[in-house]
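**Student:** Quick one: the structure is below, questions incoming.
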Amino acid sequence: MTDVPMGAQVFDLAFHPTHCTAYTCLMSGQVKAISYDHSGRYKESFSVSVSQRSCRGLSLNEDGSNLYVVGKGKALHTLDTLTGKVIQSRTKAHDSPINRVKHLTPWLLSTGDDDGVIKLWDPRKKESIRKHTQHFDYITDFLWLDDKKQLVATSGDGTLSVMDVRSKKPEPFAHSEDQEDELLCIAPIKGSSKAVVGMQTGVLSIFNRSSGWGDCVDRVPGHPQSVDTMCNIPESLPDVDVSSTLLTGSSDGIVRAVQVFPTKLLGVVADHGEWPIEKVVVGEGISCLTLDDVGESSPSAGKEGDAEEDDEDEEQDRDGHWWVGSVGHDETLKLTNLRHFFRPGRVNVEETDAESSGTIPQDVSAESDESDRDEEEDVSAQVASVKSSSDDGDSDSPEPEPIAKKRKQKPEKNPLAVKRKKGKNTVDVDGQFFDEL
């Protein structure tokens, strides 16, 4: 795992489709490009100030030549991914701050603002070509369905909507019922036949396209806090069921690998401490840029090259093809090797769920077993005392009924819960302590 300090809170993250480069937009209004190699070394390619206000969203076109940036300044900027120069700026693209942007096709782009307004853009034109106003709260995420040429948008108003980009009508193709919770992110599963939506309460809502978009068909609880971001696993990653596996980022600072149907926690990919996670993306760039002048920008520079053999370097290049990028409020970009996480025989996933990642750790299970044995000894002692007293008394007296053994019921496991180690300076405080203040 590699930690890249960014200097400000990061709102969004995107990977180049072919090069090993990650692009981030910051609260300070900057856009930074970080180049990395398969061993985890990195350097900053460029840093450009796009706006005096925060940048909130990023999206790359198909070949990775252009980067679209939106933010609180209500403008839509187009940047060159190699030089970082601003190619085009559409000022006042929205009347409210823009929260999300997504490149759909070579001739179509979508943006969503804080008031729930969705606009479609042709990159070749200055003005938007269509406007949708079915939402009344901020747009949180977009999902593009290429087979039907439909755009799915999730909103903080508790609904999602489906728009057919080929239609000229302002009304959406479908609009779901109120889910009574904020919809924060969306990702496809099962070959895009279903969609998973992350909720504010930590629930994963499953929508089936064949059943319509009116309401969810299943709900998967488990995350202790809100699910703020999700992403799919690349199809090129071997030995993984990519059709049902997702990476989720939650407000508890943990990036989880989760399998849906059956629901199972595969493990913890990255941990940002107590800082909420804003974005999780998987990059599968093959071409590495030259990192000869890495210098002091990478803490791992100069350590791995001298210590590893040539065959280990080749294996690292093969395994370093897939990197998970996660950003949050800790002002850090974490790069995690996804191939190492899913390497066959690395860990026993089921044992990890029960021991290190489950709600019932080993120490708690041991304590419960000891308490059960203590209770059994107490019960047997009581039975022995009753028998001795009955032997001393009359033989005609009725024999006492045996006392039933008590058994502790272990709490049910939460399949998505993760045990977090207690920090050195963490202190347990009784709740009554605050009442006296």
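To be explicit about the labels: the chains of the structure tokens are called A, B, and onward in the order shown, and within each one the residues are counted from 1, while ligands get numbers from 1 in the order they are shown.
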Can you list, as a list in words, every protein, DNA or RNA residue that comes within 12 Å of Gln179 (chain A) when you count only C-alpha atoms, leaving out same-chain residues fewer than 5 positions away?
**Tutor:**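 Surrounding residues, per the criterion: Thr154, Ser155, Gly156, Asp157, Gly158, Thr159, Leu160, Leu184, Val197, Gly198, Met199, Gln200, Thr201, Val203, Leu204, Ser205, Ile206, Phe207, Trp213, Gly214, Asp215, Cys216, Val217 and Arg219 of chain A.
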**Student:** Just write the chosen residues, N, CA and C atoms, as a PDB file, in the first residue's frame.
**Tutor:**
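The file below, selection-v6.pdb, is the result:
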ATOM      1  N   THR A 154     -28.851   8.947  -9.200  1.00  0.00           N
ATOM      2  CA  THR A 154     -29.291   8.839  -7.816  1.00  0.00           C
ATOM      3  C   THR A 154     -29.224  10.215  -7.164  1.00  0.00           C
ATOM      4  N   SER A 155     -30.106  10.436  -6.197  1.00  0.00           N
ATOM      5  CA  SER A 155     -30.234  11.766  -5.619  1.00  0.00           C
ATOM      6  C   SER A 155     -30.393  11.672  -4.109  1.00  0.00           C
ATOM      7  N   GLY A 156     -30.097  12.777  -3.464  1.00  0.00           N
ATOM      8  CA  GLY A 156     -30.299  12.872  -2.033  1.00  0.00           C
ATOM      9  C   GLY A 156     -31.746  13.006  -1.627  1.00  0.00           C
ATOM     10  N   ASP A 157     -32.660  13.136  -2.599  1.00  0.00           N
ATOM     11  CA  ASP A 157     -34.079  13.221  -2.264  1.00  0.00           C
ATOM     12  C   ASP A 157     -34.708  11.850  -2.018  1.00  0.00           C
ATOM     13  N   GLY A 158     -33.901  10.780  -2.104  1.00  0.00           N
ATOM     14  CA  GLY A 158     -34.404   9.444  -1.811  1.00  0.00           C
ATOM     15  C   GLY A 158     -34.930   8.689  -3.002  1.00  0.00           C
ATOM     16  N   THR A 159     -34.702   9.170  -4.218  1.00  0.00           N
ATOM     17  CA  THR A 159     -35.186   8.495  -5.420  1.00  0.00           C
ATOM     18  C   THR A 159     -34.067   8.407  -6.451  1.00  0.00           C
ATOM     19  N   LEU A 160     -34.287   7.530  -7.429  1.00  0.00           N
ATOM     20  CA  LEU A 160     -33.431   7.481  -8.603  1.00  0.00           C
ATOM     21  C   LEU A 160     -34.301   7.606  -9.852  1.00  0.00           C
ATOM     22  N   LEU A 184     -26.741   7.419  -2.244  1.00  0.00           N
ATOM     23  CA  LEU A 184     -25.436   8.062  -2.335  1.00  0.00           C
ATOM     24  C   LEU A 184     -24.584   7.582  -3.501  1.00  0.00           C
ATOM     25  N   VAL A 197     -27.404   0.067  -4.944  1.00  0.00           N
ATOM     26  CA  VAL A 197     -27.413   1.468  -4.530  1.00  0.00           C
ATOM     27  C   VAL A 197     -26.992   1.550  -3.066  1.00  0.00           C
ATOM     28  N   GLY A 198     -26.000   2.366  -2.769  1.00  0.00           N
ATOM     29  CA  GLY A 198     -25.562   2.590  -1.397  1.00  0.00           C
ATOM     30  C   GLY A 198     -26.389   3.662  -0.733  1.00  0.00           C
ATOM     31  N   MET A 199     -26.819   3.379   0.510  1.00  0.00           N
ATOM     32  CA  MET A 199     -27.736   4.258   1.226  1.00  0.00           C
ATOM     33  C   MET A 199     -27.035   4.943   2.400  1.00  0.00           C
ATOM     34  N   GLN A 200     -27.693   5.975   2.911  1.00  0.00           N
ATOM     35  CA  GLN A 200     -27.163   6.724   4.040  1.00  0.00           C
ATOM     36  C   GLN A 200     -27.127   5.879   5.310  1.00  0.00           C
ATOM     37  N   THR A 201     -28.052   4.949   5.466  1.00  0.00           N
ATOM     38  CA  THR A 201     -28.124   4.117   6.662  1.00  0.00           C
ATOM     39  C   THR A 201     -27.201   2.909   6.602  1.00  0.00           C
ATOM     40  N   VAL A 203     -27.293   0.535   4.157  1.00  0.00           N
ATOM     41  CA  VAL A 203     -27.962  -0.558   3.470  1.00  0.00           C
ATOM     42  C   VAL A 203     -27.607  -0.528   1.982  1.00  0.00           C
ATOM     43  N   LEU A 204     -27.455  -1.714   1.392  1.00  0.00           N
ATOM     44  CA  LEU A 204     -27.294  -1.844  -0.044  1.00  0.00           C
ATOM     45  C   LEU A 204     -28.633  -2.267  -0.637  1.00  0.00           C
ATOM     46  N   SER A 205     -29.245  -1.403  -1.438  1.00  0.00           N
ATOM     47  CA  SER A 205     -30.533  -1.691  -2.065  1.00  0.00           C
ATOM     48  C   SER A 205     -30.294  -2.251  -3.463  1.00  0.00           C
ATOM     49  N   ILE A 206     -30.971  -3.348  -3.774  1.00  0.00           N
ATOM     50  CA  ILE A 206     -30.803  -4.031  -5.049  1.00  0.00           C
ATOM     51  C   ILE A 206     -31.992  -3.712  -5.947  1.00  0.00           C
ATOM     52  N   PHE A 207     -31.725  -3.198  -7.135  1.00  0.00           N
ATOM     53  CA  PHE A 207     -32.748  -2.939  -8.144  1.00  0.00           C
ATOM     54  C   PHE A 207     -32.557  -3.911  -9.294  1.00  0.00           C
ATOM     55  N   TRP A 213     -37.850  -0.086 -12.327  1.00  0.00           N
ATOM     56  CA  TRP A 213     -37.111   0.791 -11.428  1.00  0.00           C
ATOM     57  C   TRP A 213     -38.000   1.421 -10.362  1.00  0.00           C
ATOM     58  N   GLY A 214     -39.217   0.912 -10.191  1.00  0.00           N
ATOM     59  CA  GLY A 214     -40.119   1.536  -9.234  1.00  0.00           C
ATOM     60  C   GLY A 214     -39.678   1.380  -7.797  1.00  0.00           C
ATOM     61  N   ASP A 215     -39.149   0.214  -7.451  1.00  0.00           N
ATOM     62  CA  ASP A 215     -38.744  -0.039  -6.064  1.00  0.00           C
ATOM     63  C   ASP A 215     -37.675  -1.114  -6.071  1.00  0.00           C
ATOM     64  N   CYS A 216     -36.929  -1.186  -4.977  1.00  0.00           N
ATOM     65  CA  CYS A 216     -35.877  -2.189  -4.860  1.00  0.00           C
ATOM     66  C   CYS A 216     -36.494  -3.562  -4.610  1.00  0.00           C
ATOM     67  N   VAL A 217     -35.783  -4.593  -5.024  1.00  0.00           N
ATOM     68  CA  VAL A 217     -36.268  -5.960  -4.838  1.00  0.00           C
ATOM     69  C   VAL A 217     -35.612  -6.637  -3.640  1.00  0.00           C
ATOM     70  N   ARG A 219     -32.790  -5.815   0.010  1.00  0.00           N
ATOM     71  CA  ARG A 219     -32.001  -4.882   0.803  1.00  0.00           C
ATOM     72  C   ARG A 219     -30.983  -5.683   1.603  1.00  0.00           C
TER      73      ARG A 219
END
**Student:** Do you know which residues are at most 6 Å from region 97-113 of chain A counting only C-alpha atoms, after dropping those on the same chain fewer than 2 positions away, and could you put them as a PyMOL selection string?
**Tutor:** chain A and resi 56-57+59+61+70-72+74+115-122+138-139
**Student:** Quick one: write out the picked residues with all heavy atoms as a short mmCIF file (atom, residue, chain, number, x, y, z; two decimals), in the first residue's frame?
**Tutor:**
data_model
loop_
_atom_site.label_atom_id
_atom_site.label_comp_id
_atom_site.auth_asym_id
_atom_site.auth_seq_id
_atom_site.Cartn_x
_atom_site.Cartn_y
_atom_site.Cartn_z
N ARG A 56 -15.27 19.27 -7.32
CA ARG A 56 -16.02 18.15 -6.72
C ARG A 56 -16.07 16.90 -7.58
O ARG A 56 -16.25 15.80 -7.05
CB ARG A 56 -17.46 18.60 -6.43
CG ARG A 56 -17.59 19.71 -5.42
CD ARG A 56 -19.05 20.03 -5.19
NE ARG A 56 -19.27 21.08 -4.20
CZ ARG A 56 -20.47 21.53 -3.83
NH1 ARG A 56 -21.55 21.00 -4.39
NH2 ARG A 56 -20.58 22.49 -2.94
N GLY A 57 -15.96 17.03 -8.89
CA GLY A 57 -16.14 15.86 -9.74
C GLY A 57 -15.16 15.81 -10.89
O GLY A 57 -14.73 16.85 -11.42
N SER A 59 -14.11 13.29 -14.58
CA SER A 59 -14.47 12.22 -15.52
C SER A 59 -13.55 12.31 -16.73
O SER A 59 -13.27 13.41 -17.23
CB SER A 59 -15.93 12.33 -15.95
OG SER A 59 -16.30 11.24 -16.76
N ASN A 61 -12.58 10.99 -20.75
CA ASN A 61 -13.20 10.44 -21.95
C ASN A 61 -12.63 9.06 -22.25
O ASN A 61 -11.80 8.54 -21.51
CB ASN A 61 -13.03 11.39 -23.14
CG ASN A 61 -11.57 11.66 -23.46
OD1 ASN A 61 -10.67 11.25 -22.74
ND2 ASN A 61 -11.33 12.34 -24.56
N VAL A 70 -15.70 19.58 -12.63
CA VAL A 70 -16.79 20.43 -12.16
C VAL A 70 -16.59 20.71 -10.68
O VAL A 70 -15.80 20.05 -10.01
CB VAL A 70 -18.16 19.76 -12.38
CG1 VAL A 70 -18.45 19.57 -13.86
CG2 VAL A 70 -18.25 18.43 -11.64
N GLY A 71 -17.33 21.70 -10.18
CA GLY A 71 -17.17 22.04 -8.77
C GLY A 71 -18.13 23.11 -8.32
O GLY A 71 -19.18 23.36 -8.93
N LYS A 72 -17.76 23.74 -7.23
CA LYS A 72 -18.62 24.74 -6.60
C LYS A 72 -18.71 26.01 -7.43
O LYS A 72 -19.65 26.81 -7.25
CB LYS A 72 -18.08 25.06 -5.20
CG LYS A 72 -19.04 25.81 -4.33
CD LYS A 72 -18.49 25.99 -2.92
CE LYS A 72 -19.49 26.73 -2.05
NZ LYS A 72 -18.97 26.90 -0.66
N LYS A 74 -19.61 26.31 -10.41
CA LYS A 74 -20.71 26.18 -11.37
C LYS A 74 -20.24 26.12 -12.82
O LYS A 74 -21.03 26.31 -13.74
CB LYS A 74 -21.71 27.34 -11.22
CG LYS A 74 -22.20 27.58 -9.81
CD LYS A 74 -23.10 28.81 -9.74
CE LYS A 74 -23.48 29.14 -8.31
NZ LYS A 74 -24.33 30.34 -8.24
N ASP A 115 -29.08 21.28 -6.75
CA ASP A 115 -30.54 21.43 -6.78
C ASP A 115 -31.24 20.29 -7.50
O ASP A 115 -32.46 20.34 -7.70
CB ASP A 115 -30.92 22.76 -7.45
CG ASP A 115 -30.57 23.96 -6.58
OD1 ASP A 115 -30.41 23.77 -5.36
OD2 ASP A 115 -30.43 25.07 -7.12
N GLY A 116 -30.51 19.27 -7.90
CA GLY A 116 -31.11 18.13 -8.57
C GLY A 116 -31.26 18.29 -10.07
O GLY A 116 -31.89 17.44 -10.71
N VAL A 117 -30.70 19.33 -10.66
CA VAL A 117 -30.82 19.56 -12.10
C VAL A 117 -29.75 18.74 -12.83
O VAL A 117 -28.57 18.75 -12.45
CB VAL A 117 -30.67 21.05 -12.44
CG1 VAL A 117 -30.71 21.27 -13.95
CG2 VAL A 117 -31.75 21.85 -11.75
N ILE A 118 -30.17 18.03 -13.87
CA ILE A 118 -29.28 17.21 -14.69
C ILE A 118 -29.25 17.79 -16.09
O ILE A 118 -30.30 18.05 -16.69
CB ILE A 118 -29.75 15.74 -14.73
CG1 ILE A 118 -29.78 15.15 -13.32
CG2 ILE A 118 -28.85 14.91 -15.64
CD1 ILE A 118 -30.41 13.79 -13.26
N LYS A 119 -28.03 17.98 -16.61
CA LYS A 119 -27.88 18.52 -17.96
C LYS A 119 -27.03 17.57 -18.79
O LYS A 119 -26.08 16.96 -18.28
CB LYS A 119 -27.23 19.91 -17.93
CG LYS A 119 -28.14 21.01 -17.41
CD LYS A 119 -27.50 22.37 -17.57
CE LYS A 119 -28.44 23.49 -17.11
NZ LYS A 119 -27.85 24.83 -17.34
N LEU A 120 -27.40 17.46 -20.06
CA LEU A 120 -26.64 16.67 -21.03
C LEU A 120 -25.91 17.63 -21.97
O LEU A 120 -26.49 18.62 -22.42
CB LEU A 120 -27.57 15.74 -21.81
CG LEU A 120 -28.36 14.72 -20.99
CD1 LEU A 120 -29.22 13.86 -21.91
CD2 LEU A 120 -27.44 13.85 -20.15
N TRP A 121 -24.65 17.28 -22.25
CA TRP A 121 -23.80 18.17 -23.04
C TRP A 121 -23.21 17.41 -24.22
O TRP A 121 -22.89 16.22 -24.12
CB TRP A 121 -22.65 18.72 -22.20
CG TRP A 121 -23.07 19.46 -20.96
CD1 TRP A 121 -23.44 18.90 -19.76
CD2 TRP A 121 -23.18 20.86 -20.80
NE1 TRP A 121 -23.77 19.89 -18.87
CE2 TRP A 121 -23.61 21.10 -19.46
CE3 TRP A 121 -22.94 21.96 -21.63
CZ2 TRP A 121 -23.81 22.38 -18.96
CZ3 TRP A 121 -23.13 23.23 -21.12
CH2 TRP A 121 -23.57 23.44 -19.82
N ASP A 122 -23.06 18.13 -25.31
CA ASP A 122 -22.27 17.67 -26.45
C ASP A 122 -20.92 18.38 -26.35
O ASP A 122 -20.86 19.62 -26.38
CB ASP A 122 -22.96 18.02 -27.77
CG ASP A 122 -22.26 17.41 -28.97
OD1 ASP A 122 -21.07 17.05 -28.85
OD2 ASP A 122 -22.91 17.27 -30.03
N TYR A 138 -29.63 17.22 -4.26
CA TYR A 138 -28.38 17.11 -5.00
C TYR A 138 -28.22 15.74 -5.66
O TYR A 138 -28.66 14.71 -5.15
CB TYR A 138 -27.19 17.39 -4.08
CG TYR A 138 -26.92 16.36 -3.03
CD1 TYR A 138 -25.81 15.53 -3.11
CD2 TYR A 138 -27.77 16.21 -1.93
CE1 TYR A 138 -25.55 14.58 -2.16
CE2 TYR A 138 -27.52 15.28 -0.94
CZ TYR A 138 -26.40 14.46 -1.06
OH TYR A 138 -26.16 13.52 -0.08
N ILE A 139 -27.58 15.73 -6.81
CA ILE A 139 -27.29 14.51 -7.56
C ILE A 139 -26.02 13.89 -6.98
O ILE A 139 -24.98 14.54 -6.89
CB ILE A 139 -27.12 14.79 -9.06
CG1 ILE A 139 -28.39 15.45 -9.61
CG2 ILE A 139 -26.83 13.51 -9.81
CD1 ILE A 139 -29.65 14.63 -9.46
#
**Student:** Taking into account only C-alpha atoms, which residue in the set A:Thr245, A:Met1, A:Gln30, A:Lys334 is nearest to Ala187 (chain A)?
**Tutor:**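 Result for the nearest residue to Ala187 (chain A): A:Thr245.
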**Student:** Within 8 Å of Lys92 (chain A), counting only C-alpha atoms, which residues qualify if same-chain residues fewer than 2 places away don't, as an mmCIF file with N, CA, C and O atoms, in the first residue's frame?
**Tutor:**
data_model
loop_
_atom_site.group_PDB
_atom_site.id
_atom_site.type_symbol
_atom_site.label_atom_id
_atom_site.label_comp_id
_atom_site.auth_asym_id
_atom_site.auth_seq_id
_atom_site.Cartn_x
_atom_site.Cartn_y
_atom_site.Cartn_z
ATOM 1 N N GLY A 73 -17.775 26.211 -8.332
ATOM 2 C CA GLY A 73 -17.794 27.417 -9.158
ATOM 3 C C GLY A 73 -18.816 27.398 -10.270
ATOM 4 O O GLY A 73 -18.864 28.350 -11.064
ATOM 5 N N LYS A 74 -19.611 26.306 -10.408
ATOM 6 C CA LYS A 74 -20.714 26.184 -11.369
ATOM 7 C C LYS A 74 -20.236 26.118 -12.821
ATOM 8 O O LYS A 74 -21.026 26.311 -13.739
ATOM 9 N N ALA A 75 -18.961 25.846 -13.026
ATOM 10 C CA ALA A 75 -18.411 25.805 -14.386
ATOM 11 C C ALA A 75 -18.016 24.376 -14.739
ATOM 12 O O ALA A 75 -17.788 23.527 -13.868
ATOM 13 N N ARG A 90 -16.670 26.185 -19.650
ATOM 14 C CA ARG A 90 -18.066 26.618 -19.797
ATOM 15 C C ARG A 90 -18.509 27.248 -18.486
ATOM 16 O O ARG A 90 -18.924 26.560 -17.559
ATOM 17 N N HIS A 94 -24.247 25.649 -14.748
ATOM 18 C CA HIS A 94 -25.433 25.423 -13.915
ATOM 19 C C HIS A 94 -25.681 26.659 -13.067
ATOM 20 O O HIS A 94 -24.800 27.509 -12.881
ATOM 21 N N ASP A 95 -26.897 26.737 -12.547
ATOM 22 C CA ASP A 95 -27.229 27.829 -11.638
ATOM 23 C C ASP A 95 -26.816 27.530 -10.208
ATOM 24 O O ASP A 95 -26.825 28.433 -9.356
#
**Student:** According to DSSP computed on the backbone, where in region 101-332 of chain A is there strand (DSSP E)? Give the residues as a ChimeraX atom specification.
**Tutor:** /A:101-105,108-113,118-121,128-132,139-145,150-155,160-164,174-175,183-189,194-199,204-208,218-220,227-232,245-250,254-259,264-271,277-283,323-328,332
**Student:** Nearest residue to Glu177 (chain A) out of A:Gly212, A:Ser35, A:Lys194, A:Ser28, using only C-alpha atoms?
**Tutor:** A:Gly212
